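Data block for query-v7.cif (mmCIF, C-alpha atoms and all ligand atoms):
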data_coords
loop_
_atom_site.label_atom_id
_atom_site.label_comp_id
_atom_site.auth_asym_id
_atom_site.auth_seq_id
_atom_site.Cartn_x
_atom_site.Cartn_y
_atom_site.Cartn_z
CA MET A 1 103.81 85.92 94.49
CA HIS A 2 102.94 88.74 96.84
CA GLU A 3 102.72 86.37 99.79
CA MET A 4 105.35 88.29 101.75
CA GLY A 5 103.28 91.47 101.54
CA ILE A 6 100.20 89.53 102.62
CA ALA A 7 102.12 87.93 105.50
CA LEU A 8 103.30 91.34 106.74
CA GLN A 9 99.74 92.63 106.55
CA ILE A 10 98.52 89.64 108.59
CA VAL A 11 101.16 90.30 111.23
CA ASP A 12 100.06 93.96 111.43
CA ILE A 13 96.38 93.14 111.79
CA ALA A 14 96.98 90.31 114.26
CA THR A 15 99.30 92.43 116.42
CA ALA A 16 96.75 95.25 116.49
CA SER A 17 94.06 92.76 117.52
CA ILE A 18 95.75 91.73 120.76
CA PRO A 19 93.69 93.25 123.58
CA PRO A 20 95.92 95.88 125.19
CA ASN A 21 94.97 94.79 128.69
CA LEU A 22 96.60 91.40 128.10
CA GLY A 23 100.06 92.98 128.13
CA ASP A 24 102.96 90.97 126.75
CA VAL A 25 101.40 87.88 125.29
CA ARG A 26 102.35 85.51 122.55
CA VAL A 27 100.02 84.70 119.66
CA ALA A 28 99.93 80.93 119.17
CA LYS A 29 97.66 80.76 116.13
CA VAL A 30 96.21 82.89 113.40
CA ASN A 31 93.08 81.52 111.74
CA LEU A 32 92.81 82.61 108.13
CA LYS A 33 90.20 81.95 105.45
CA VAL A 34 91.45 81.85 101.88
CA GLY A 35 89.13 81.46 98.92
CA LYS A 36 90.28 79.26 96.05
CA LEU A 37 90.09 82.19 93.66
CA ALA A 38 92.41 84.30 95.79
CA ALA A 39 95.87 84.80 94.32
CA VAL A 40 97.59 83.18 97.27
CA VAL A 41 99.51 79.93 97.51
CA PRO A 42 98.95 78.56 101.05
CA ASP A 43 102.36 76.86 101.41
CA SER A 44 104.20 79.90 100.25
CA LEU A 45 102.10 82.11 102.53
CA ARG A 46 102.91 79.86 105.51
CA PHE A 47 106.60 80.15 104.72
CA CYS A 48 106.47 83.94 104.40
CA PHE A 49 104.44 84.11 107.60
CA SER A 50 107.14 82.24 109.52
CA VAL A 51 109.66 84.80 108.30
CA ALA A 52 107.46 87.86 108.79
CA THR A 53 106.62 86.97 112.41
CA LYS A 54 110.23 87.00 113.62
CA ASP A 55 110.66 89.30 116.61
CA THR A 56 106.94 90.06 116.84
CA PRO A 57 104.34 88.77 119.33
CA LEU A 58 103.53 86.22 116.63
CA ASP A 59 106.98 84.64 116.61
CA GLY A 60 106.49 80.90 116.21
CA ALA A 61 102.74 81.19 115.70
CA GLU A 62 100.94 78.73 113.50
CA LEU A 63 99.05 80.03 110.46
CA VAL A 64 95.93 77.91 110.11
CA ILE A 65 94.51 78.28 106.61
CA GLU A 66 91.00 77.20 105.80
CA GLU A 67 90.54 77.05 102.05
CA LEU A 68 87.08 77.97 100.83
CA PRO A 69 85.52 76.64 97.65
CA VAL A 70 84.28 78.80 94.81
CA LEU A 71 80.53 78.92 95.30
CA ALA A 72 78.37 80.47 92.61
CA ARG A 73 74.70 81.27 92.21
CA CYS A 74 72.95 81.79 88.91
CA LYS A 75 71.28 85.19 88.71
CA GLU A 76 68.71 83.79 86.27
CA CYS A 77 67.53 80.57 87.89
CA SER A 78 69.09 80.75 91.37
CA THR A 79 70.88 77.40 91.04
CA GLN A 80 73.77 77.29 93.48
CA TRP A 81 76.85 75.12 93.02
CA THR A 82 80.57 74.76 93.69
CA ILE A 83 82.82 75.62 90.76
CA THR A 84 85.64 73.09 90.51
CA ASN A 85 86.82 73.77 86.96
CA PRO A 86 87.06 77.22 85.47
CA VAL A 87 83.70 77.25 83.73
CA PHE A 88 81.58 80.08 85.03
CA GLN A 89 78.30 79.10 83.45
CA CYS A 90 75.10 77.81 85.02
CA GLN A 91 74.79 74.05 84.77
CA THR A 92 71.00 74.29 84.77
CA CYS A 93 70.13 77.11 82.38
CA ASN A 94 73.52 77.91 80.74
CA SER A 95 73.36 81.51 81.85
CA GLY A 96 76.71 83.22 82.33
CA SER A 97 75.29 85.73 84.71
CA LEU A 98 76.57 84.56 88.07
CA GLU A 99 77.11 85.84 91.50
CA ILE A 100 80.23 84.52 93.19
CA LEU A 101 79.17 83.80 96.77
CA SER A 102 82.54 82.67 98.04
CA GLY A 103 86.03 81.99 96.78
CA ARG A 104 87.53 85.48 96.94
CA GLU A 105 88.18 85.54 100.69
CA LEU A 106 91.43 86.54 102.28
CA ASP A 107 90.18 87.14 105.79
CA ILE A 108 91.64 86.86 109.26
CA GLU A 109 88.99 85.16 111.36
CA SER A 110 90.66 85.12 114.74
CA ILE A 111 93.89 84.91 116.66
CA GLU A 112 94.62 82.58 119.57
CA ILE A 113 96.67 83.77 122.52
CA ALA A 114 98.99 81.32 124.22
CA GLU A 115 98.17 80.99 127.90
CA GLU A 116 101.39 79.43 129.19
CA ASP A 117 103.40 82.65 128.77
CA LYS A 118 101.64 84.25 131.73
CA ASN A 119 103.09 81.71 134.15
CA ASP A 120 106.52 81.48 132.50
CA SER A 121 107.25 85.16 132.46
CA GLY A 122 106.17 85.98 136.02
CA MET B 1 94.10 79.61 92.10
CA ILE B 2 93.81 75.91 91.52
CA LEU B 3 90.23 74.84 91.46
CA ASP B 4 90.01 71.21 92.41
CA ASN B 5 87.73 68.76 94.04
CA THR B 6 89.16 68.98 97.51
CA ALA B 7 86.55 71.67 98.09
CA LYS B 8 83.84 69.02 98.09
CA GLY B 9 82.27 68.41 101.44
CA GLN B 10 83.70 71.55 102.89
CA LYS B 11 81.38 73.92 104.64
CA TYR B 12 80.07 76.62 102.34
CA TYR B 13 80.95 80.13 103.23
CA HIS B 14 78.34 82.66 102.27
CA HIS B 15 79.78 85.97 101.26
CA LYS B 16 76.47 87.66 101.91
CA ASP B 17 76.56 86.61 105.53
CA PHE B 18 80.02 87.94 105.95
CA PRO B 19 80.17 91.05 108.10
CA HIS B 20 82.32 93.09 105.73
CA ASN B 21 81.86 96.38 107.41
CA HIS B 22 82.18 95.17 110.89
CA HIS B 23 85.78 95.33 111.95
CA SER B 24 85.48 94.02 115.44
CA HIS B 25 88.04 95.48 117.75
CA ALA B 26 89.88 93.43 120.24
CA ASP B 27 88.25 95.21 123.15
CA ASP B 28 84.73 95.21 121.74
CA SER B 29 83.27 92.83 124.25
CA ALA B 30 84.21 89.95 126.44
CA SER B 31 82.19 87.61 124.22
CA ALA B 32 84.75 88.11 121.44
CA ILE B 33 87.21 86.11 123.52
CA SER B 34 86.70 82.43 124.07
CA VAL B 35 88.88 79.79 125.65
CA GLN B 36 89.88 76.97 123.29
CA LYS B 37 90.39 73.32 124.17
CA SER B 38 94.11 73.71 123.66
CA GLY B 39 94.15 76.27 126.44
CA THR B 40 94.58 79.23 124.12
CA ARG B 41 92.19 82.15 124.21
CA GLU B 42 90.64 82.84 120.84
CA ILE B 43 90.04 86.46 119.90
CA LYS B 44 87.70 87.21 117.01
CA VAL B 45 89.22 89.50 114.42
CA VAL B 46 87.18 89.11 111.21
CA ARG B 47 89.05 91.46 108.93
CA ARG B 48 89.95 91.37 105.29
CA VAL B 49 93.71 91.19 104.95
CA LEU B 50 93.63 93.57 102.00
CA ASP B 51 91.28 96.10 103.55
CA VAL B 52 94.04 98.70 103.76
CA ASN B 53 94.49 98.45 99.99
CA GLU B 54 90.74 98.51 99.43
CA LYS B 55 90.33 101.70 101.44
CA MET B 56 93.19 103.36 99.60
CA ALA B 57 91.66 102.29 96.27
CA GLU B 58 88.36 103.91 97.23
CA GLU B 59 90.21 107.12 98.06
CA ASN B 60 91.94 107.01 94.69
CA ARG B 61 88.61 106.42 92.99
CA LYS B 62 87.16 109.49 94.71
CA LEU B 63 90.15 111.61 93.74
CA PHE B 64 89.91 110.49 90.11
CA ALA B 65 86.17 111.17 90.05
CA GLU B 66 86.61 114.65 91.51
CA ASN B 67 89.10 115.45 88.78
CA GLY B 68 87.11 113.85 85.99
CA VAL B 69 89.74 111.27 85.13
CA PHE B 70 88.89 107.91 83.58
CA VAL B 71 91.37 105.29 84.77
CA LEU B 72 92.18 102.17 82.78
CA ASN B 73 94.20 99.34 84.35
CA VAL B 74 95.98 97.26 81.70
CA MET B 75 97.24 93.82 82.67
CA SER B 76 98.86 90.83 80.97
CA SER B 77 101.64 88.28 81.21
CA PRO B 78 105.14 89.65 80.66
CA GLY B 79 105.64 90.50 77.02
CA SER B 80 102.06 90.13 75.76
CA GLY B 81 102.28 93.62 74.31
CA LYS B 82 101.01 96.09 76.91
CA THR B 83 103.53 98.81 76.11
CA THR B 84 103.24 98.39 72.33
CA THR B 85 99.43 98.39 72.48
CA LEU B 86 99.46 101.49 74.68
CA GLU B 87 101.89 103.34 72.41
CA LYS B 88 99.50 102.82 69.50
CA THR B 89 96.41 103.47 71.59
CA LEU B 90 97.80 106.77 72.89
CA ALA B 91 98.57 107.96 69.39
CA LYS B 92 94.93 107.41 68.43
CA ILE B 93 93.32 108.73 71.58
CA LEU B 94 95.52 111.73 72.39
CA PRO B 95 94.04 114.12 69.87
CA GLU B 96 90.73 113.85 71.68
CA TYR B 97 91.56 113.13 75.30
CA LYS B 98 94.44 114.42 77.38
CA SER B 99 96.12 111.30 78.65
CA ALA B 100 98.80 110.26 81.08
CA VAL B 101 100.40 106.93 81.89
CA ILE B 102 101.62 105.24 85.03
CA VAL B 103 103.87 102.31 84.29
CA GLY B 104 105.01 99.70 86.75
CA ASP B 105 108.30 98.28 85.70
CA ILE B 106 110.51 96.22 87.94
CA CYS B 107 113.86 97.77 87.25
CA THR B 108 114.17 99.56 83.92
CA THR B 109 112.78 102.76 82.41
CA HIS B 110 112.44 101.20 78.93
CA ASP B 111 108.65 101.14 78.92
CA ALA B 112 108.39 104.67 80.31
CA ASP B 113 110.78 105.92 77.64
CA ARG B 114 108.78 104.23 74.88
CA LEU B 115 105.48 105.61 76.15
CA ALA B 116 106.86 109.12 76.65
CA ILE B 117 107.42 109.41 72.90
CA SER B 118 103.65 109.86 72.57
CA GLY B 119 104.00 113.20 74.35
CA ALA B 120 101.81 112.12 77.25
CA PRO B 121 103.20 112.55 80.76
CA VAL B 122 104.55 109.23 82.04
CA VAL B 123 105.21 108.28 85.64
CA GLN B 124 107.40 105.26 86.13
CA ILE B 125 107.03 103.50 89.43
CA ASN B 126 109.08 101.21 91.48
CA THR B 127 107.14 98.11 92.42
CA ASP B 128 109.50 96.91 95.10
CA GLU B 129 107.83 98.64 98.01
CA PHE B 130 104.94 96.44 98.99
CA GLY B 131 106.66 93.12 99.54
CA GLY B 132 107.61 92.35 95.99
CA ASP B 133 107.26 93.38 92.44
CA CYS B 134 104.32 91.37 91.22
CA HIS B 135 101.57 94.00 91.12
CA LEU B 136 100.75 97.67 91.64
CA ALA B 137 98.97 98.45 94.91
CA ALA B 138 96.59 101.34 95.51
CA HIS B 139 99.01 103.36 97.64
CA VAL B 140 101.62 103.17 94.88
CA ILE B 141 99.10 104.61 92.42
CA ASP B 142 98.23 107.32 94.92
CA LYS B 143 101.87 108.31 95.13
CA ALA B 144 102.38 108.20 91.35
CA ALA B 145 99.21 110.22 90.73
CA GLY B 146 100.66 112.88 93.00
CA GLY B 147 103.19 113.57 90.26
CA LEU B 148 100.47 114.31 87.71
CA ASP B 149 98.22 117.30 87.17
CA LEU B 150 94.99 115.31 87.44
CA ALA B 151 92.78 118.33 86.78
CA ASP B 152 94.33 118.52 83.33
CA ILE B 153 93.92 114.82 82.47
CA ASP B 154 90.94 112.96 80.97
CA LEU B 155 92.42 109.50 80.68
CA LEU B 156 94.93 107.84 82.96
CA ILE B 157 96.28 104.53 81.73
CA VAL B 158 98.06 102.24 84.16
CA GLU B 159 100.36 99.61 82.67
CA ASN B 160 100.45 97.08 85.47
CA VAL B 161 103.32 94.69 86.14
CA GLY B 162 103.50 91.75 83.71
CA ASN B 163 101.69 89.10 85.72
CA LEU B 164 98.32 87.35 85.34
CA VAL B 165 97.86 86.47 88.99
CA CYS B 166 98.51 89.18 91.52
CA PRO B 167 97.32 92.40 89.83
CA ALA B 168 93.82 90.92 89.60
CA GLU B 169 93.67 90.91 93.38
CA PHE B 170 94.56 94.55 93.92
CA ASP B 171 92.02 97.27 93.30
CA ILE B 172 93.87 100.50 92.47
CA GLY B 173 90.82 102.73 92.13
CA GLU B 174 90.48 102.22 88.39
CA ASP B 175 87.25 102.50 86.39
CA SER B 176 87.96 99.65 84.04
CA ARG B 177 90.35 96.75 83.68
CA VAL B 178 91.45 95.11 80.48
CA VAL B 179 93.63 92.08 79.97
CA ILE B 180 95.91 91.45 77.01
CA LEU B 181 96.55 87.93 75.84
CA SER B 182 98.85 87.23 72.92
CA VAL B 183 98.63 84.42 70.40
CA THR B 184 102.12 83.27 71.37
CA GLU B 185 100.75 82.11 74.74
CA GLY B 186 98.66 79.02 75.41
CA GLU B 187 95.00 79.12 74.34
CA ASP B 188 94.00 77.94 77.80
CA LYS B 189 95.49 80.85 79.74
CA PRO B 190 92.01 82.12 80.71
CA ALA B 191 91.24 78.77 82.33
CA LYS B 192 94.52 78.87 84.21
CA TYR B 193 94.03 82.43 85.43
CA PRO B 194 90.27 82.68 85.83
CA LEU B 195 90.31 85.50 88.36
CA MET B 196 92.09 87.84 85.97
CA PHE B 197 89.69 87.11 83.14
CA ARG B 198 86.65 87.47 85.37
CA GLU B 199 87.85 90.73 86.86
CA CYS B 200 88.54 92.40 83.53
CA GLU B 201 85.88 94.05 81.42
CA ALA B 202 87.42 93.35 78.03
CA ALA B 203 90.19 91.21 76.56
CA LEU B 204 92.61 92.11 73.80
CA LEU B 205 93.93 89.17 71.81
CA ASN B 206 97.22 90.58 70.54
CA LYS B 207 99.85 89.71 67.93
CA ILE B 208 97.34 88.33 65.42
CA ASP B 209 99.82 89.29 62.67
CA LEU B 210 101.72 86.19 63.77
CA LEU B 211 98.80 83.79 63.28
CA PRO B 212 99.89 82.57 59.82
CA TYR B 213 103.15 81.33 61.33
CA LEU B 214 101.67 79.69 64.38
CA ASP B 215 99.71 76.62 65.23
CA TYR B 216 97.34 78.66 67.36
CA ASP B 217 93.64 77.96 67.66
CA LYS B 218 92.16 81.45 68.03
CA ASP B 219 88.57 80.23 68.33
CA LYS B 220 89.56 77.94 71.15
CA ALA B 221 91.19 80.83 72.99
CA VAL B 222 88.04 82.92 72.64
CA GLU B 223 86.00 79.94 73.80
CA TYR B 224 88.14 79.64 76.93
CA ILE B 225 87.72 83.34 77.60
CA HIS B 226 83.96 83.01 77.35
CA GLN B 227 83.88 79.96 79.61
CA VAL B 228 85.48 82.01 82.32
CA HIS B 229 83.73 85.27 81.47
CA PRO B 230 80.66 84.80 79.27
CA ASP B 231 79.95 87.77 76.95
CA MET B 232 83.36 89.34 77.57
CA PRO B 233 84.24 91.60 74.61
CA VAL B 234 87.33 90.23 72.86
CA PHE B 235 89.23 92.52 70.51
CA GLU B 236 91.58 90.75 68.12
CA ILE B 237 94.44 93.12 67.42
CA SER B 238 97.99 93.44 66.24
CA ALA B 239 99.82 96.16 68.09
CA ARG B 240 102.48 95.86 65.41
CA THR B 241 100.30 96.44 62.34
CA GLU B 242 97.40 98.17 64.15
CA GLU B 243 95.01 95.68 62.59
CA GLY B 244 91.77 95.47 64.56
CA PHE B 245 92.37 98.67 66.51
CA GLU B 246 89.17 100.43 65.44
CA PRO B 247 86.67 98.48 67.57
CA TRP B 248 89.03 98.61 70.54
CA ILE B 249 89.51 102.39 70.31
CA GLU B 250 85.78 102.82 69.82
CA TRP B 251 85.10 100.78 72.95
CA LEU B 252 87.61 102.82 74.93
CA HIS B 253 86.11 106.09 73.68
CA LYS B 254 82.70 104.94 74.79
CA LYS B 255 83.98 104.03 78.25
CA ILE B 256 85.71 107.39 78.68
CA LYS B 257 82.64 109.29 77.48
CA GLU B 258 80.40 107.38 79.87
CA LYS B 259 82.41 108.75 82.74
CA ILE B 260 83.58 112.21 81.79
CA GLY B 261 81.21 113.10 78.94
N1 LIG C 301 104.56 90.39 66.04
C1 LIG C 301 104.09 91.17 67.02
N2 LIG C 301 104.91 91.49 68.04
C2 LIG C 301 104.41 92.28 69.02
C3 LIG C 301 103.09 92.77 68.99
N3 LIG C 301 102.89 93.50 70.11
C4 LIG C 301 104.05 93.49 70.80
N4 LIG C 301 104.98 92.75 70.13
C5 LIG C 301 106.36 92.49 70.56
O1 LIG C 301 106.35 91.74 71.76
C6 LIG C 301 107.42 92.14 72.61
C7 LIG C 301 106.87 92.58 73.97
O2 LIG C 301 106.04 93.71 73.77
P1 LIG C 301 105.78 94.79 74.90
O3 LIG C 301 104.81 95.77 74.34
O4 LIG C 301 107.06 95.32 75.42
O5 LIG C 301 105.09 93.88 75.99
P2 LIG C 301 104.73 94.23 77.51
O6 LIG C 301 103.49 93.47 77.80
O7 LIG C 301 104.68 95.69 77.69
O8 LIG C 301 105.96 93.61 78.29
P3 LIG C 301 106.36 93.82 79.83
O9 LIG C 301 106.07 95.25 80.17
O10 LIG C 301 107.80 93.48 79.87
O11 LIG C 301 105.50 92.87 80.59
C8 LIG C 301 108.15 93.26 71.88
O12 LIG C 301 109.24 92.70 71.21
C9 LIG C 301 107.10 93.76 70.91
O13 LIG C 301 107.67 94.32 69.75
C10 LIG C 301 102.26 92.41 67.88
O14 LIG C 301 101.09 92.75 67.76
N5 LIG C 301 102.83 91.61 66.93
MG MG C 302 105.64 96.88 79.10
ZN ZN C 303 70.76 79.22 85.80
#
Go ahead and render the structure in this file as structure tokens.
Ligand SMILES: Nc1nc2c(ncn2[C@@H]2O[C@H](COP(=O)(O)OP(=O)(O)OP(=O)(O)O)[C@@H](O)[C@H]2O)c(=O)[nH]1
Ligand SMILES: [Mg+2]
Ligand SMILES: [Zn+2]
Amino acid sequence: MHEMGIALQIVDIATASIPPNLGDVRVAKVNLKVGKLAAVVPDSLRFCFSVATKDTPLDGAELVIEELPVLARCKECSTQWTITNPVFQCQTCNSGSLEILSGRELDIESIEIAEEDKNDSG
Amino acid sequence: MILDNTAKGQKYYHHKDFPHNHHSHADDSASAISVQKSGTREIKVVRRVLDVNEKMAEENRKLFAENGVFVLNVMSSPGSGKTTTLEKTLAKILPEYKSAVIVGDICTTHDADRLAISGAPVVQINTDEFGGDCHLAAHVIDKAAGGLDLADIDLLIVENVGNLVCPAEFDIGEDSRVVILSVTEGEDKPAKYPLMFRECEAALLNKIDLLPYLDYDKDKAVEYIHQVHPDMPVFEISARTEEGFEPWIEWLHKKIKEKIG
């Protein structure tokens, strides 16, 4: 529901990540990791991203979302598994004391700069 | 939020290995840039999208600690009874602890007006600033707290926006989070919104005065809560009749004392 706010934040971070020495370049792709526990709907984020990038160096950029599973480890017996239904209990020893190893991510991994602009804009 | 099987076979991503504190800058080193097959140059960023909020939340937390304020973040679906529960809670807690309330309401001042009757200072905030009205962000709390005399407050209660999804994602610098679930909602809400129920320290099961008129399986609801968050304290209450309030108020007292003595 707050995908527009997230999209604006992504645009800010991505824009600030363009090396200054590259000058006027266009960002072709933003690679994002989203955990399955994150309160973000990928399709809706992609839509908001396409709106939020208008008139920025990211205009027309693709938002590549890699969804990450919810991976847990039991603090009692160290069993590690992927949670696919909302039961946060160890399958081996029934302990409810877990560490969530992944699934909460909302991270920008990298941006990709389009090369062709250099030649076009000369 | 939907946990399904498509995750199978995907590469695991180890949180521990994730360089949280390393915010690589674009000009860090040439090795951060690599040419992709498609002809684009890839630039490593590795930053949490919400890190701005997280930093602000830490600042809030420091400010609250310096002033000896215990902060409680109260969340639920729309209409589960946050305001009613807080009205009753304030009446019971005010004699002992000086309290204030920040309430996030989309467009009315109804909740603020109701809560102000308690005599506690109430700050009503507009949630429209950070791309929508689905949650309170840390900077909004910072701004609202600016309107309060924190040095003179022991307990700050935040009534978050009625929503079980987004508020769970946004740290506001609180000490404790509680979620309210009412018996007029589905028993399986915890399973549908696992993040919220995992992130909160206690759950209030509200409107139990209505149980005789409903076909609601209370034990099943508690079971769902414990599937998602084993050992989570669940307080069964009626904000209307104040039934069940004693253990809840006792719990809250204990939490406040733990922080401010
Ligand atoms: N029967 C009954 N009704 C309740 C109880 N608690 C709240 N209500 C009613 O439920 C409705 C919503 O209560 P609120 O306290 O305004 O709920 P809220 O969570 O603050 O709502 P929003 O701020 O709009 O999300 C009101 O009509 C309340 O009178 C309860 O314990 N029993
Ligand atoms: Mg309310
Ligand atoms: Zn185990």
What lies within 10 Å of Glu62 of chain A using only C-alpha atoms, ignoring chain neighbours under 6 positions off, as a ChimeraX atom specification?
/A:27-31,46,49-50,111-112
Show which residues sit within 10 Å of Gln80 of chain A, as a PyMOL selection string. Count only C-alpha atoms, and ignore same-chain residues fewer than 6 positions away.
chain A and resi 71-74+90-92+98-101
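Of the listed residues (A:Asp59, A:Glu76, A:Asp43, A:Glu105), A:Glu105 comes nearest to chain B; the distances count only C-alpha atoms.
Using all atoms listed in the file, we find that the residues with an atom at most 7 Å from any atom of ligand LIG 301 (chain C) are Ser76, Ser77, Pro78, Gly79, Ser80, Gly81, Lys82, Thr83, Thr84, Thr85, Asp105, Asp111, Val161, Gly162, Asn206, Lys207, Ile208, Asp209, Leu210, Ile237, Ser238, Ala239, Arg240 and Thr241 of chain B.
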Let me make sure I understand: among A:Pro19, A:Ala52, A:Val11, A:Ala61, which one has the smallest atom-to-atom distance to chain B if we use all atoms listed in the file?
A:Pro19
Expected answer as an MDAnalysis selection string: chain A residues within 9 Å of chain B, only C-alpha atoms
chainID A and resid 1:6 8:10 13:14 16:21 27:29 35:41 67:71 82:89 95:97 100:116
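Straight-line separation from atom CA of Ala116 of chain B to atom CA of Glu59 of chain B: 27.2 Å.
Atom CA of Pro247 of chain B sits 22.1 Å away from atom CA of Glu187 of chain B.
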Computed gap from atom CA of Ile125 of chain B to atom CA of Asp12 of chain A is 25.0 Å
Selection: 10 Å around segment 139-150 of chain B, only C-alpha atoms, excl. self and same-chain fewer than 2 positions, as a PyMOL selection string:
chain B and resi 52-57+59-61+63-64+66-69+99-104+121-127+129-130+135-137+152-156+158+172-174
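Distances from A:Arg26, A:Thr15, A:Asn94, A:Ala7 to Leu63 of chain A were compared using all atoms listed in the file, and the smallest one belongs to A:Ala7.
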Quick one: residues within 12 Å of Trp251 of chain B, only C-alpha atoms counted, chain neighbours fewer than 5 positions away excluded, as a ChimeraX atom specification?
/B:89,93,176,178,201-204,233-235,244-246,256-258
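Nearest to ligand MG 302 (chain C) of all the residues B:Val222, B:Ala65, B:Ile157, B:Leu86 is B:Leu86, counting all atoms listed in the file.
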Could you pull segment 47-53 of chain A out of the structure I just pasted and write it to a file containing all heavy atoms, as a PDB file, in the first residue's frame?
ATOM      1  N   PHE A  47       4.500  -0.800 -10.945  1.00  0.00           N
ATOM      2  CA  PHE A  47       3.660   0.264 -11.500  1.00  0.00           C
ATOM      3  C   PHE A  47       4.058   1.618 -10.904  1.00  0.00           C
ATOM      4  O   PHE A  47       4.271   2.589 -11.636  1.00  0.00           O
ATOM      5  CB  PHE A  47       2.175  -0.022 -11.236  1.00  0.00           C
ATOM      6  CG  PHE A  47       1.295   1.132 -11.606  1.00  0.00           C
ATOM      7  CD1 PHE A  47       1.035   1.415 -12.939  1.00  0.00           C
ATOM      8  CD2 PHE A  47       0.773   1.976 -10.624  1.00  0.00           C
ATOM      9  CE1 PHE A  47       0.261   2.509 -13.290  1.00  0.00           C
ATOM     10  CE2 PHE A  47       0.005   3.066 -10.963  1.00  0.00           C
ATOM     11  CZ  PHE A  47      -0.262   3.329 -12.297  1.00  0.00           C
ATOM     12  N   CYS A  48       4.161   1.676  -9.594  1.00  0.00           N
ATOM     13  CA  CYS A  48       4.532   2.941  -8.939  1.00  0.00           C
ATOM     14  C   CYS A  48       5.902   3.410  -9.400  1.00  0.00           C
ATOM     15  O   CYS A  48       6.134   4.605  -9.578  1.00  0.00           O
ATOM     16  CB  CYS A  48       4.529   2.784  -7.426  1.00  0.00           C
ATOM     17  SG  CYS A  48       2.888   2.542  -6.750  1.00  0.00           S
ATOM     18  N   PHE A  49       6.805   2.453  -9.604  1.00  0.00           N
ATOM     19  CA  PHE A  49       8.156   2.783 -10.064  1.00  0.00           C
ATOM     20  C   PHE A  49       8.103   3.465 -11.429  1.00  0.00           C
ATOM     21  O   PHE A  49       8.774   4.462 -11.671  1.00  0.00           O
ATOM     22  CB  PHE A  49       8.983   1.495 -10.130  1.00  0.00           C
ATOM     23  CG  PHE A  49      10.405   1.688 -10.576  1.00  0.00           C
ATOM     24  CD1 PHE A  49      11.362   2.174  -9.696  1.00  0.00           C
ATOM     25  CD2 PHE A  49      10.787   1.361 -11.871  1.00  0.00           C
ATOM     26  CE1 PHE A  49      12.682   2.339 -10.097  1.00  0.00           C
ATOM     27  CE2 PHE A  49      12.104   1.528 -12.288  1.00  0.00           C
ATOM     28  CZ  PHE A  49      13.049   2.014 -11.404  1.00  0.00           C
ATOM     29  N   SER A  50       7.257   2.950 -12.309  1.00  0.00           N
ATOM     30  CA  SER A  50       7.168   3.527 -13.658  1.00  0.00           C
ATOM     31  C   SER A  50       6.633   4.957 -13.600  1.00  0.00           C
ATOM     32  O   SER A  50       6.984   5.794 -14.431  1.00  0.00           O
ATOM     33  CB  SER A  50       6.301   2.653 -14.569  1.00  0.00           C
ATOM     34  OG  SER A  50       4.949   2.757 -14.180  1.00  0.00           O
ATOM     35  N   VAL A  51       5.821   5.238 -12.593  1.00  0.00           N
ATOM     36  CA  VAL A  51       5.310   6.604 -12.425  1.00  0.00           C
ATOM     37  C   VAL A  51       6.371   7.493 -11.753  1.00  0.00           C
ATOM     38  O   VAL A  51       6.627   8.613 -12.189  1.00  0.00           O
ATOM     39  CB  VAL A  51       4.017   6.600 -11.573  1.00  0.00           C
ATOM     40  CG1 VAL A  51       3.544   8.020 -11.297  1.00  0.00           C
ATOM     41  CG2 VAL A  51       2.922   5.788 -12.276  1.00  0.00           C
ATOM     42  N   ALA A  52       7.001   6.950 -10.733  1.00  0.00           N
ATOM     43  CA  ALA A  52       7.948   7.732  -9.929  1.00  0.00           C
ATOM     44  C   ALA A  52       9.217   8.099 -10.698  1.00  0.00           C
ATOM     45  O   ALA A  52       9.921   9.023 -10.324  1.00  0.00           O
ATOM     46  CB  ALA A  52       8.320   6.961  -8.659  1.00  0.00           C
ATOM     47  N   THR A  53       9.520   7.361 -11.762  1.00  0.00           N
ATOM     48  CA  THR A  53      10.772   7.607 -12.493  1.00  0.00           C
ATOM     49  C   THR A  53      10.635   8.677 -13.577  1.00  0.00           C
ATOM     50  O   THR A  53      11.627   9.095 -14.154  1.00  0.00           O
ATOM     51  CB  THR A  53      11.265   6.311 -13.167  1.00  0.00           C
ATOM     52  OG1 THR A  53      10.172   5.735 -13.889  1.00  0.00           O
ATOM     53  CG2 THR A  53      11.797   5.324 -12.149  1.00  0.00           C
TER      54      THR A  53
END
